[in-house]
>>> print(open('query_12.cif').read())   # mmCIF, C-alpha atoms
data_protein
#
loop_
_atom_site.label_atom_id
_atom_site.label_comp_id
_atom_site.auth_asym_id
_atom_site.auth_seq_id
_atom_site.Cartn_x
_atom_site.Cartn_y
_atom_site.Cartn_z
CA MET A 299 -69.41 -78.41 -47.86
CA SER A 300 -66.61 -77.76 -45.38
CA ARG A 301 -63.20 -76.67 -46.66
CA SER A 302 -60.05 -78.60 -45.84
CA PRO A 303 -58.01 -76.95 -43.08
CA ARG A 304 -54.87 -75.04 -43.98
CA GLN A 305 -51.82 -77.25 -43.49
CA ILE A 306 -49.40 -76.40 -40.70
CA HIS A 307 -45.70 -76.13 -41.56
CA LEU A 308 -43.12 -76.78 -38.85
CA ALA A 309 -39.38 -76.23 -38.75
CA ALA A 310 -37.13 -77.47 -35.94
CA HIS A 311 -34.47 -75.04 -34.70
CA PHE A 312 -31.41 -76.73 -33.18
CA PRO A 313 -30.92 -74.84 -29.89
CA GLY A 314 -27.82 -72.76 -30.34
CA VAL A 315 -25.59 -70.60 -28.23
CA ASN A 316 -28.11 -68.19 -26.77
CA SER A 317 -30.29 -67.66 -23.72
CA THR A 318 -32.94 -70.10 -24.99
CA THR A 319 -30.74 -73.09 -24.25
CA VAL A 320 -30.36 -74.35 -20.69
CA TRP A 321 -26.80 -75.69 -20.67
CA THR A 322 -26.87 -76.20 -16.89
CA ASP A 323 -29.61 -78.84 -17.09
CA PRO A 324 -28.17 -82.33 -16.40
CA THR A 325 -29.91 -83.69 -19.52
CA SER A 326 -28.39 -81.07 -21.82
CA GLY A 327 -25.97 -82.51 -24.39
CA SER A 328 -23.22 -81.41 -26.71
CA GLN A 329 -23.20 -78.55 -29.22
CA ILE A 330 -20.27 -80.18 -31.05
CA ASP A 331 -20.80 -83.96 -31.02
CA PHE A 332 -22.40 -85.07 -34.30
CA ALA A 333 -24.55 -87.51 -32.34
CA ALA A 334 -26.45 -84.51 -30.95
CA PHE A 335 -27.26 -83.19 -34.41
CA GLU A 336 -28.19 -86.67 -35.63
CA TYR A 337 -30.54 -87.27 -32.70
CA PHE A 338 -32.22 -83.90 -33.19
CA ALA A 339 -32.68 -84.38 -36.95
CA ARG A 340 -34.07 -87.88 -36.50
CA THR A 341 -36.56 -86.55 -33.93
CA ALA A 342 -37.67 -83.84 -36.36
CA GLU A 343 -38.14 -86.48 -39.04
CA ARG A 344 -40.12 -88.66 -36.63
CA GLY A 345 -42.36 -85.63 -36.10
CA PHE A 346 -42.74 -85.08 -39.88
CA PHE A 347 -41.23 -81.59 -39.72
CA ASP A 348 -40.55 -79.67 -42.93
CA TYR A 349 -36.94 -78.93 -42.06
CA VAL A 350 -34.18 -78.73 -39.47
CA PHE A 351 -32.78 -75.23 -39.05
CA LEU A 352 -29.23 -74.44 -37.90
CA ALA A 353 -28.03 -71.01 -36.85
CA GLU A 354 -24.41 -70.01 -37.34
CA GLY A 355 -22.22 -67.51 -35.52
CA LEU A 356 -19.09 -66.20 -37.21
CA ARG A 357 -17.38 -65.10 -34.01
CA LEU A 358 -17.57 -65.88 -30.33
CA ARG A 359 -19.35 -63.05 -28.55
CA GLU A 360 -17.47 -61.08 -25.94
CA HIS A 361 -18.49 -59.03 -22.93
CA LYS A 362 -16.07 -56.90 -20.90
CA GLY A 363 -13.25 -58.27 -23.01
CA ARG A 364 -14.05 -61.90 -22.19
CA VAL A 365 -15.82 -64.59 -24.18
CA HIS A 366 -19.49 -64.55 -23.22
CA GLU A 367 -20.36 -67.64 -21.18
CA LEU A 368 -23.10 -68.63 -23.61
CA ASP A 369 -20.49 -69.11 -26.33
CA VAL A 370 -17.88 -71.21 -24.58
CA LEU A 371 -19.09 -74.40 -26.26
CA GLY A 372 -18.15 -73.21 -29.74
CA ARG A 373 -19.89 -72.82 -33.07
CA PRO A 374 -19.26 -75.61 -35.60
CA ASN A 375 -19.58 -75.02 -39.34
CA THR A 376 -23.15 -75.23 -40.62
CA LEU A 377 -22.53 -76.68 -44.07
CA ALA A 378 -20.36 -79.49 -42.74
CA ILE A 379 -23.07 -80.54 -40.27
CA LEU A 380 -25.84 -80.42 -42.88
CA ALA A 381 -23.78 -82.44 -45.35
CA ALA A 382 -23.29 -85.12 -42.70
CA LEU A 383 -27.00 -85.11 -41.86
CA THR A 384 -27.89 -86.00 -45.45
CA ALA A 385 -26.53 -89.48 -44.74
CA VAL A 386 -28.64 -90.16 -41.63
CA THR A 387 -31.99 -88.65 -42.69
CA ASP A 388 -34.31 -89.40 -45.60
CA HIS A 389 -37.04 -86.76 -45.76
CA VAL A 390 -36.59 -83.73 -43.50
CA GLY A 391 -35.21 -80.55 -45.07
CA LEU A 392 -31.80 -79.18 -44.09
CA VAL A 393 -31.52 -75.39 -43.76
CA GLY A 394 -28.38 -73.51 -42.75
CA THR A 395 -27.69 -69.89 -41.83
CA LEU A 396 -24.99 -68.33 -44.04
CA SER A 397 -23.99 -64.69 -44.33
CA THR A 398 -24.26 -62.59 -47.47
CA THR A 399 -21.72 -60.14 -46.05
CA PHE A 400 -18.78 -62.48 -45.52
CA ASN A 401 -19.26 -64.98 -48.36
CA GLU A 402 -19.07 -64.77 -52.17
CA PRO A 403 -22.06 -65.67 -54.38
CA TYR A 404 -20.38 -68.17 -56.71
CA GLU A 405 -18.71 -70.11 -53.90
CA LEU A 406 -21.78 -70.22 -51.63
CA ALA A 407 -24.19 -71.01 -54.49
CA ARG A 408 -21.91 -73.91 -55.45
CA GLN A 409 -21.82 -75.26 -51.88
CA LEU A 410 -25.61 -75.05 -51.49
CA ALA A 411 -26.29 -76.63 -54.87
CA THR A 412 -23.96 -79.47 -53.90
CA LEU A 413 -25.85 -79.95 -50.62
CA ASP A 414 -29.11 -80.03 -52.60
CA HIS A 415 -27.73 -82.85 -54.75
CA LEU A 416 -26.36 -84.79 -51.77
CA SER A 417 -29.70 -84.58 -49.96
CA GLY A 418 -31.94 -85.32 -52.92
CA GLY A 419 -33.46 -81.84 -53.00
CA ARG A 420 -33.73 -81.03 -49.29
CA ALA A 421 -31.38 -78.02 -48.98
CA GLY A 422 -32.25 -74.51 -47.82
CA TRP A 423 -30.30 -71.32 -47.17
CA ASN A 424 -31.14 -68.86 -44.38
CA ALA A 425 -29.65 -65.71 -45.92
CA VAL A 426 -28.53 -63.25 -43.24
CA THR A 427 -26.64 -59.98 -43.27
CA SER A 428 -23.73 -59.31 -40.92
CA SER A 429 -22.77 -55.68 -40.71
CA ASP A 430 -20.65 -54.93 -37.68
CA ALA A 431 -16.90 -54.51 -37.32
CA PHE A 432 -16.81 -57.07 -34.48
CA HIS A 433 -17.63 -59.89 -36.91
CA GLY A 434 -15.74 -58.20 -39.72
CA ALA A 435 -12.48 -58.39 -37.82
CA ASN A 436 -12.35 -62.12 -38.61
CA PHE A 437 -12.33 -61.48 -42.37
CA ARG A 438 -10.07 -59.96 -44.97
CA ARG A 439 -12.48 -57.10 -45.66
CA GLY A 440 -12.89 -56.27 -41.98
CA GLY A 441 -14.82 -53.18 -41.02
CA PHE A 442 -18.58 -53.08 -41.46
CA LEU A 443 -21.37 -52.14 -43.82
CA ASP A 444 -24.01 -49.53 -43.12
CA HIS A 445 -27.51 -50.95 -42.67
CA ALA A 446 -28.71 -49.98 -46.15
CA ASP A 447 -25.52 -51.21 -47.79
CA ARG A 448 -25.73 -54.66 -46.24
CA TYR A 449 -29.19 -55.19 -47.75
CA GLU A 450 -28.05 -53.88 -51.13
CA ARG A 451 -25.29 -56.49 -51.01
CA ALA A 452 -27.76 -59.17 -49.85
CA LYS A 453 -30.22 -58.43 -52.66
CA GLU A 454 -27.51 -58.57 -55.32
CA PHE A 455 -26.04 -61.69 -53.69
CA ALA A 456 -29.39 -63.52 -53.76
CA ALA A 457 -30.22 -62.40 -57.30
CA LEU A 458 -26.83 -63.54 -58.59
CA SER A 459 -27.07 -66.87 -56.76
CA LYS A 460 -30.43 -67.54 -58.42
CA LYS A 461 -28.97 -66.67 -61.83
CA LEU A 462 -26.21 -69.21 -61.25
CA TRP A 463 -28.61 -71.93 -60.09
CA ASP A 464 -30.95 -71.23 -63.00
CA SER A 465 -28.16 -71.26 -65.61
CA TRP A 466 -28.63 -75.01 -66.16
CA ASP A 467 -31.76 -75.95 -68.09
CA GLU A 468 -33.08 -79.44 -67.53
CA ASP A 469 -32.71 -80.34 -71.23
CA GLU A 470 -29.29 -78.75 -71.79
CA ALA A 471 -25.91 -80.44 -71.39
CA LEU A 472 -24.05 -77.24 -70.49
CA PRO A 473 -24.95 -74.11 -68.51
CA ARG A 474 -25.49 -70.64 -69.90
CA ARG A 475 -22.66 -68.23 -69.21
CA ILE A 476 -23.55 -65.75 -66.47
CA ARG A 477 -22.10 -62.28 -66.87
CA HIS A 478 -22.95 -59.99 -63.98
CA ALA A 479 -21.54 -56.55 -63.29
CA GLY A 480 -23.10 -54.74 -60.34
CA PRO A 481 -22.16 -52.43 -57.46
CA GLN A 482 -21.22 -55.40 -55.26
CA PHE A 483 -20.12 -58.21 -57.60
CA ASP A 484 -18.47 -58.59 -60.99
CA VAL A 485 -18.76 -62.20 -62.21
CA ASP A 486 -18.20 -63.97 -65.54
CA ALA A 487 -18.99 -67.60 -64.81
CA LEU A 488 -20.03 -70.99 -66.08
CA PHE A 489 -21.63 -72.55 -63.02
CA ASP A 490 -20.22 -76.03 -62.55
CA VAL A 491 -23.02 -77.72 -60.54
CA PRO A 492 -25.95 -78.95 -62.69
CA ARG A 493 -29.53 -78.08 -61.80
CA SER A 494 -30.42 -79.63 -58.46
CA PRO A 495 -33.39 -81.92 -57.70
CA GLN A 496 -35.66 -79.08 -56.56
CA GLY A 497 -34.45 -76.53 -59.12
CA ARG A 498 -32.58 -74.50 -56.53
CA PRO A 499 -32.30 -74.46 -52.73
CA VAL A 500 -35.11 -72.84 -50.74
CA ILE A 501 -34.23 -69.33 -49.51
CA VAL A 502 -35.11 -68.49 -45.90
CA GLN A 503 -34.74 -65.01 -44.36
CA ALA A 504 -35.20 -63.35 -40.98
CA GLY A 505 -34.97 -59.56 -41.42
CA ASP A 506 -37.66 -57.43 -39.77
CA SER A 507 -36.70 -53.88 -40.79
CA ALA A 508 -38.31 -52.24 -43.82
CA ASP A 509 -35.26 -53.25 -45.90
CA GLY A 510 -35.45 -56.76 -44.49
CA ARG A 511 -39.13 -57.09 -45.35
CA ASP A 512 -38.51 -55.85 -48.87
CA PHE A 513 -35.68 -58.38 -49.28
CA GLY A 514 -37.99 -61.11 -48.01
CA ALA A 515 -40.77 -60.15 -50.42
CA GLU A 516 -38.37 -60.18 -53.37
CA HIS A 517 -36.26 -63.25 -52.63
CA ALA A 518 -37.37 -65.29 -49.59
CA GLU A 519 -39.55 -68.39 -49.73
CA VAL A 520 -39.70 -68.75 -45.93
CA ILE A 521 -39.42 -66.00 -43.32
CA PHE A 522 -38.21 -66.85 -39.82
CA SER A 523 -40.13 -64.19 -37.91
CA LEU A 524 -39.81 -63.10 -34.28
CA HIS A 525 -43.47 -62.00 -34.05
CA GLN A 526 -44.99 -64.57 -31.69
CA ASP A 527 -47.97 -62.71 -30.24
CA PHE A 528 -51.08 -63.48 -32.31
CA ASP A 529 -52.00 -59.89 -33.21
CA ALA A 530 -48.40 -58.87 -33.96
CA ALA A 531 -47.90 -62.03 -36.00
CA ARG A 532 -50.97 -61.30 -38.12
CA VAL A 533 -49.91 -57.68 -38.74
CA PHE A 534 -46.47 -58.88 -39.88
CA TYR A 535 -48.03 -61.63 -42.00
CA ASP A 536 -50.36 -59.22 -43.78
CA ASP A 537 -47.60 -56.65 -44.31
CA VAL A 538 -45.05 -59.00 -45.87
CA LYS A 539 -47.54 -61.01 -47.90
CA GLY A 540 -48.96 -57.72 -49.16
CA ARG A 541 -45.56 -56.86 -50.65
CA LEU A 542 -45.40 -59.97 -52.82
CA ALA A 543 -47.60 -58.78 -55.69
CA ALA A 544 -45.10 -56.04 -56.56
CA TRP A 545 -42.62 -58.80 -57.38
CA GLY A 546 -45.07 -60.91 -59.38
CA ARG A 547 -45.53 -63.39 -56.55
CA ASP A 548 -48.62 -64.86 -54.87
CA GLU A 549 -49.32 -65.66 -51.23
CA ASP A 550 -48.39 -69.34 -51.52
CA SER A 551 -44.87 -68.53 -52.74
CA LEU A 552 -43.81 -67.45 -49.23
CA LYS A 553 -44.29 -69.16 -45.85
CA ILE A 554 -43.95 -67.26 -42.58
CA LEU A 555 -42.81 -69.39 -39.63
CA PRO A 556 -42.19 -67.40 -36.41
CA ALA A 557 -39.93 -68.79 -33.72
CA ALA A 558 -41.96 -70.52 -31.00
CA THR A 559 -40.91 -71.87 -27.62
CA PHE A 560 -43.17 -74.18 -25.64
CA VAL A 561 -43.66 -75.68 -22.19
CA ILE A 562 -46.00 -78.64 -21.75
CA GLY A 563 -47.76 -79.74 -18.57
CA ASP A 564 -50.47 -82.24 -17.73
CA THR A 565 -52.43 -79.25 -16.42
CA ASP A 566 -52.22 -75.55 -17.15
CA ALA A 567 -50.96 -74.90 -13.62
CA GLU A 568 -48.19 -77.46 -14.00
CA ALA A 569 -47.17 -75.95 -17.33
CA ARG A 570 -47.00 -72.44 -15.85
CA GLU A 571 -44.81 -73.66 -12.98
CA ARG A 572 -42.51 -75.50 -15.40
CA SER A 573 -42.31 -72.36 -17.54
CA ARG A 574 -41.24 -70.33 -14.51
CA GLU A 575 -38.57 -72.87 -13.54
CA ILE A 576 -37.17 -73.05 -17.07
CA ALA A 577 -37.09 -69.27 -17.40
CA LEU A 578 -35.08 -69.00 -14.18
CA GLN A 579 -32.60 -71.49 -15.65
CA GLN A 580 -32.44 -69.58 -18.93
CA VAL A 581 -31.75 -66.23 -17.25
CA ARG A 582 -29.43 -66.67 -14.31
CA PRO A 583 -28.60 -63.63 -12.13
CA GLU A 584 -25.31 -62.86 -13.88
CA GLN A 585 -26.94 -63.13 -17.29
CA ALA A 586 -29.62 -60.64 -16.28
CA LEU A 587 -26.97 -58.07 -15.35
CA THR A 588 -25.04 -58.78 -18.57
CA TYR A 589 -28.19 -58.00 -20.57
CA LEU A 590 -28.59 -54.62 -18.85
CA GLU A 591 -24.86 -53.83 -19.13
CA GLN A 592 -25.16 -54.16 -22.89
CA VAL A 593 -27.97 -51.58 -22.84
CA TRP A 594 -26.42 -49.21 -20.29
CA GLY A 595 -22.90 -49.58 -21.72
CA ARG A 596 -21.34 -49.70 -18.28
CA ASP A 597 -20.43 -52.05 -15.44
CA LEU A 598 -23.51 -52.89 -13.34
CA SER A 599 -22.00 -55.79 -11.37
CA GLY A 600 -22.64 -53.98 -8.09
CA TYR A 601 -26.42 -54.07 -8.57
CA ASP A 602 -28.75 -56.73 -7.20
CA PRO A 603 -30.30 -58.76 -10.06
CA ASP A 604 -33.31 -59.37 -7.83
CA GLY A 605 -33.63 -55.66 -7.09
CA PRO A 606 -34.86 -52.64 -9.08
CA LEU A 607 -33.33 -51.36 -12.30
CA PRO A 608 -30.16 -49.24 -11.99
CA ASP A 609 -30.75 -45.56 -11.35
CA VAL A 610 -27.52 -44.48 -13.11
CA GLU A 611 -27.27 -42.92 -16.53
CA PRO A 612 -25.95 -44.95 -19.50
CA ASP A 613 -22.48 -44.58 -20.99
CA THR A 614 -22.98 -43.97 -24.70
CA GLY A 615 -19.39 -43.01 -25.50
CA SER A 616 -17.68 -39.74 -26.31
CA GLU A 617 -19.74 -36.78 -27.44
CA THR A 618 -17.28 -36.33 -30.29
CA ALA A 619 -17.94 -39.79 -31.66
CA ARG A 620 -19.84 -40.00 -34.94
CA GLY A 621 -23.57 -40.31 -34.39
CA TRP A 622 -23.25 -39.83 -30.63
CA ALA A 623 -26.36 -37.63 -30.31
CA ASN A 624 -28.59 -40.13 -32.11
CA ARG A 625 -27.16 -43.08 -30.19
CA HIS A 626 -27.54 -41.28 -26.85
CA LYS A 627 -31.16 -40.45 -27.65
CA ALA A 628 -31.92 -44.03 -28.72
CA VAL A 629 -30.33 -45.53 -25.60
CA GLN A 630 -32.17 -43.10 -23.34
CA ALA A 631 -35.46 -44.03 -25.00
CA ARG A 632 -34.70 -47.75 -24.63
CA ILE A 633 -33.90 -47.36 -20.93
CA ALA A 634 -37.04 -45.28 -20.37
CA SER A 635 -39.16 -48.05 -21.94
CA LEU A 636 -37.50 -50.67 -19.72
CA ARG A 637 -38.14 -48.59 -16.61
CA ASP A 638 -41.75 -48.06 -17.60
CA LEU A 639 -42.28 -51.81 -18.11
CA SER A 640 -40.53 -52.63 -14.84
CA ALA A 641 -42.64 -50.13 -12.93
CA ALA A 642 -45.91 -51.16 -14.57
CA GLU A 643 -45.46 -54.87 -13.77
CA GLY A 644 -43.35 -54.57 -10.61
CA LEU A 645 -40.39 -56.42 -12.13
CA SER A 646 -36.90 -56.83 -10.74
CA VAL A 647 -33.87 -56.77 -13.04
CA ARG A 648 -33.96 -60.54 -13.51
CA GLU A 649 -37.74 -60.67 -13.88
CA LEU A 650 -37.57 -57.94 -16.52
CA VAL A 651 -34.94 -59.80 -18.55
CA ILE A 652 -36.98 -63.00 -18.28
CA ARG A 653 -40.00 -61.06 -19.49
CA LEU A 654 -38.03 -59.78 -22.49
CA THR A 655 -35.98 -62.83 -23.46
CA ALA A 656 -37.49 -65.97 -21.92
CA LYS A 657 -41.24 -65.55 -22.24
CA HIS A 658 -42.44 -68.85 -23.70
CA THR A 659 -44.77 -68.69 -26.69
CA PHE A 660 -47.03 -71.61 -25.83
CA VAL A 661 -47.56 -72.79 -22.25
CA GLY A 662 -50.21 -75.34 -21.30
CA THR A 663 -51.51 -78.82 -21.91
CA PRO A 664 -50.78 -80.56 -25.24
CA GLU A 665 -54.40 -79.99 -26.24
CA HIS A 666 -54.15 -76.26 -25.54
CA ILE A 667 -50.87 -75.84 -27.42
CA ALA A 668 -52.07 -77.83 -30.43
CA GLY A 669 -55.24 -75.73 -30.52
CA GLU A 670 -53.27 -72.47 -30.42
CA ILE A 671 -50.88 -73.54 -33.17
CA ASP A 672 -53.82 -74.52 -35.34
CA ARG A 673 -55.62 -71.25 -34.60
CA TYR A 674 -52.64 -69.15 -35.71
CA VAL A 675 -52.50 -70.99 -39.02
CA GLN A 676 -56.23 -71.25 -39.76
CA GLU A 677 -56.72 -67.53 -39.00
CA ARG A 678 -53.72 -66.55 -41.16
CA ALA A 679 -51.46 -65.11 -38.50
CA THR A 680 -48.73 -67.55 -39.61
CA ASP A 681 -48.17 -70.52 -41.92
CA GLY A 682 -46.71 -72.50 -39.03
CA PHE A 683 -43.81 -72.19 -36.61
CA THR A 684 -40.09 -72.68 -36.15
CA VAL A 685 -40.10 -74.73 -32.95
CA VAL A 686 -37.28 -73.99 -30.50
CA GLY A 687 -36.73 -76.33 -27.55
CA HIS A 688 -34.70 -75.39 -24.49
CA LEU A 689 -32.53 -78.52 -24.35
CA THR A 690 -29.92 -79.99 -26.69
CA PRO A 691 -30.49 -82.40 -28.34
CA ASN A 692 -33.72 -83.73 -26.83
CA GLY A 693 -35.68 -80.48 -26.59
CA LEU A 694 -37.94 -81.53 -29.46
CA ASP A 695 -38.94 -84.89 -27.99
CA GLU A 696 -42.04 -83.81 -26.06
CA PHE A 697 -43.33 -81.75 -28.96
CA ALA A 698 -42.99 -84.64 -31.43
CA THR A 699 -44.55 -87.14 -29.02
CA ARG A 700 -47.37 -85.16 -27.42
CA ILE A 701 -48.34 -82.30 -29.75
CA VAL A 702 -47.78 -83.60 -33.28
CA PRO A 703 -50.39 -86.41 -32.93
CA LEU A 704 -53.00 -83.86 -31.85
CA LEU A 705 -52.26 -81.68 -34.90
CA GLN A 706 -52.64 -84.77 -37.07
CA GLU A 707 -56.00 -85.55 -35.48
CA ARG A 708 -57.17 -82.08 -36.49
CA GLY A 709 -56.34 -82.87 -40.12
CA SER A 710 -54.03 -79.87 -40.41
CA TYR A 711 -50.68 -81.67 -40.25
CA ARG A 712 -49.17 -84.50 -42.29
CA ASP A 713 -48.95 -88.04 -40.94
CA SER A 714 -46.40 -89.27 -43.49
CA TYR A 715 -43.84 -88.03 -46.00
CA ASP A 716 -44.18 -88.41 -49.73
CA GLU A 717 -41.17 -90.57 -50.60
CA SER A 718 -40.08 -88.30 -53.46
CA ALA A 719 -40.83 -84.94 -51.83
CA THR A 720 -38.22 -82.18 -51.94
CA LEU A 721 -38.08 -79.42 -49.33
CA ARG A 722 -39.92 -77.19 -51.77
CA ASP A 723 -42.67 -79.84 -51.97
CA LEU A 724 -42.90 -80.22 -48.17
CA LEU A 725 -43.40 -76.48 -47.81
CA GLY A 726 -46.03 -76.35 -50.56
CA LEU A 727 -43.93 -73.89 -52.56
CA PRO A 728 -44.27 -73.48 -56.32
CA ALA A 729 -41.60 -74.90 -58.60
CA ALA A 730 -38.48 -72.77 -58.88
CA VAL A 731 -38.61 -70.56 -61.96
CA PRO A 732 -36.12 -67.91 -63.13
CA ALA A 733 -36.53 -64.59 -61.34
CA PRO A 734 -38.43 -61.90 -63.29
CA ALA A 735 -36.27 -59.74 -65.51
CA SER A 736 -37.80 -56.50 -64.22
CA VAL A 737 -38.17 -55.13 -60.72
CA PRO A 738 -40.74 -52.72 -59.31
CA ALA A 739 -39.99 -49.01 -59.42
#
>>> encode(input="query_12.cif", output="structure tokens")
Amino acid sequence: MSRSPRQIHLAAHFPGVNSTTVWTDPTSGSQIDFAAFEYFARTAERGFFDYVFLAEGLRLREHKGRVHELDVLGRPNTLAILAALTAVTDHVGLVGTLSTTFNEPYELARQLATLDHLSGGRAGWNAVTSSDAFHGANFRRGGFLDHADRYERAKEFAALSKKLWDSWDEDEALPRRIRHAGPQFDVDALFDVPRSPQGRPVIVQAGDSADGRDFGAEHAEVIFSLHQDFDAARVFYDDVKGRLAAWGRDEDSLKILPAATFVIGDTDAEARERSREIALQQVRPEQALTYLEQVWGRDLSGYDPDGPLPDVEPDTGSETARGWANRHKAVQARIASLRDLSAAEGLSVRELVIRLTAKHTFVGTPEHIAGEIDRYVQERATDGFTVVGHLTPNGLDEFATRIVPLLQERGSYRDSYDESATLRDLLGLPAAVPAPASVPA
């Protein structure tokens, strides 16, 4: 008797301010107009996606003292957009990126619990750390946190948020008082938002370091991974899922959904040509040089983006600066790896940056792409994907129209929503229960 196929989970990433998005395309729309977000979310719902995923930047990026051209369109507030989307969608989940470094647990837990009520149990939180002084300059605390410290704050932040969400029992009229005194937070609170329709919002996370993976194994219910290659994806999948048992969790309590870009063609050759054209739009000559300038730490505007890599040494700052020796060594190693890759594949500056930042995950006919997505999931390299289109807001259209029906034909993707399903239900996650009192040694 044959076993039912594993079910594919899909998230839809609204193309943000980065090199994925082709703003120069005539069909590209607004990053600010609510109509763009509404169109995108409705398309995701038409394609029966698990959730819509919004990134958030806390500061416009700068390069050479000027706002980076990818950021000139602005970065609207995530929670405001998601709250508005609750009114124009019925089923798709709504997940926002919000920092554990520059927010406070009680306030953010309250906002997310409110969103979960407004949406009928469809809210999720992509918990990220923000450590650098560049972002910190926008906030009262300023400065930055060391890498280890930002994850210590994130772990305590997530644990305290869950305590607050769990402080309301379904059969109690009032919450339990939460008293928490830790290295990062000192809180004595009665949480004022009753238990939400799915118990508590779904926690998403994207860290890839050892600390990030440990945080994911302890707190995350979805991981937004960058491991797109099949073998690398499976290694990451096995590593993170293997950490769950230490926290009293099983494999089904965490879904891993790597980012995935796609280019569809009626033939493989057409898809490859479209992929090349899109990549050239995504990485224009000036953007290729900007990428290298951020590695070299110096002005490279005099170099030809269609020529070889610069033969100059990097500028890693003063030798008296703290950590200079380690930084200099790391930058030298990074440049050596770039030169090796360029030499091995005969790549120009622009071709190298395309290779590193604009290589599309799935390129081919709809049948080929659907087959590859299914293979990743059935062979346990992923639980699905976070789909990233290259246009705003209609970058998801082709995927929903041409690939989703093929996944449905395979029996590994839903063809309807359960009317009462929460985001937790859509993802096949267990019911939210209070976190264990003890932690592994």
>>> residues_near_point(input="query_12.cif", point="(-30.6, -58.0, -3.0)", cutoff="12 Å", atoms="only C-alpha atoms", output="JSON, numbers by chain")
{"A": [583, 600, 601, 602, 603, 604, 605, 606, 607, 646, 647, 648]}
>>> closest_residue(input="query_12.cif", among="A:Gln580, A:Gln409, A:Thr684, A:Thr614", to="A:His626", atoms="all atoms listed in the file")
A:Thr614
>>> axis_aligned_box(input="query_12.cif", around="stretch 478-494 of chain A", padding_each_side="5 Å", output="JSON")
{"center_x": -24.3, "center_y": -66.0, "center_z": -60.7, "size_x": 22.2, "size_y": 37.2, "size_z": 20.8}
>>> residues_around(input="query_12.cif", residues="A:Gln503", least_positions_apart="2", cutoff="12 Å", atoms="only C-alpha atoms", output="PyMOL selection string")
chain A and resi 351+353+393-398+422-427+449+452-453+456+500-501+505-507+509-524+552-556
>>> resolve_selection(input="query_12.cif", expression="the PyMOL selection byres ((chain A and resi 570) around 12)", output="list in words")
Phe560, Val561, Ile562, Gly563, Asp564, Thr565, Asp566, Ala567, Glu568, Ala569, Glu571, Arg572, Ser573, Arg574, Glu575, Ile576, Ala577, Lys657, His658, Thr659, Phe660, Val661, Gly662 and Thr663 of chain A
>>> residues_around(input="query_12.cif", residues="A:Ser465", least_positions_apart="3", cutoff="12 Å", atoms="all atoms listed in the file", output="list in words")
Ala407, Leu458, Ser459, Lys460, Lys461, Leu462, Glu468, Asp469, Glu470, Ala471, Leu472, Pro473, Arg474, Arg475, Ile476, Arg477, Ala487, Leu488, Phe489, Asp490, Val491, Pro492, Arg493, Ser494, Gly497, Arg498, Val731, Pro732 and Ala733 of chain A
>>> residues_around(input="query_12.cif", residues="A:Glu336", least_positions_apart="5", cutoff="9 Å", atoms="all atoms listed in the file", output="ChimeraX atom specification")
/A:341,382-383,386-387,691
>>> write_last_selection(input="query_12.cif", atoms="C-alpha atoms", output="PDB file, keeping the file's coordinate frame")
ATOM      1  CA  THR A 341     -36.560 -86.550 -33.930  1.00  0.00           C
ATOM      2  CA  ALA A 382     -23.290 -85.120 -42.700  1.00  0.00           C
ATOM      3  CA  LEU A 383     -27.000 -85.110 -41.860  1.00  0.00           C
ATOM      4  CA  VAL A 386     -28.640 -90.160 -41.630  1.00  0.00           C
ATOM      5  CA  THR A 387     -31.990 -88.650 -42.690  1.00  0.00           C
ATOM      6  CA  PRO A 691     -30.490 -82.400 -28.340  1.00  0.00           C
TER       7      PRO A 691
END
>>> decode(input="query_12.cif", residues="stretch 537-561 of chain A", atoms="C-alpha atoms", output="CSV table (one decimal), in the first residue's frame")
chain,number,residue,atom,x,y,z
A,537,ASP,CA,21.3,19.5,11.4
A,538,VAL,CA,18.5,21.7,12.7
A,539,LYS,CA,15.9,19.0,13.0
A,540,GLY,CA,18.4,16.9,14.9
A,541,ARG,CA,18.6,19.6,17.6
A,542,LEU,CA,14.9,19.5,18.4
A,543,ALA,CA,15.0,16.5,20.7
A,544,ALA,CA,17.1,18.3,23.2
A,545,TRP,CA,14.2,20.7,23.7
A,546,GLY,CA,11.6,18.1,23.9
A,547,ARG,CA,10.3,18.7,20.4
A,548,ASP,CA,9.7,16.4,17.4
A,549,GLU,CA,10.3,16.8,13.7
A,550,ASP,CA,6.8,18.0,12.9
A,551,SER,CA,7.0,20.9,15.3
A,552,LEU,CA,9.4,22.8,13.0
A,553,LYS,CA,9.1,23.5,9.2
A,554,ILE,CA,12.1,24.6,7.1
A,555,LEU,CA,11.2,26.7,4.1
A,556,PRO,CA,14.3,28.0,2.2
A,557,ALA,CA,14.0,31.1,0.0
A,558,ALA,CA,13.4,30.1,-3.6
A,559,THR,CA,13.5,32.2,-6.8
A,560,PHE,CA,12.1,30.9,-10.1
A,561,VAL,CA,12.0,31.5,-13.8
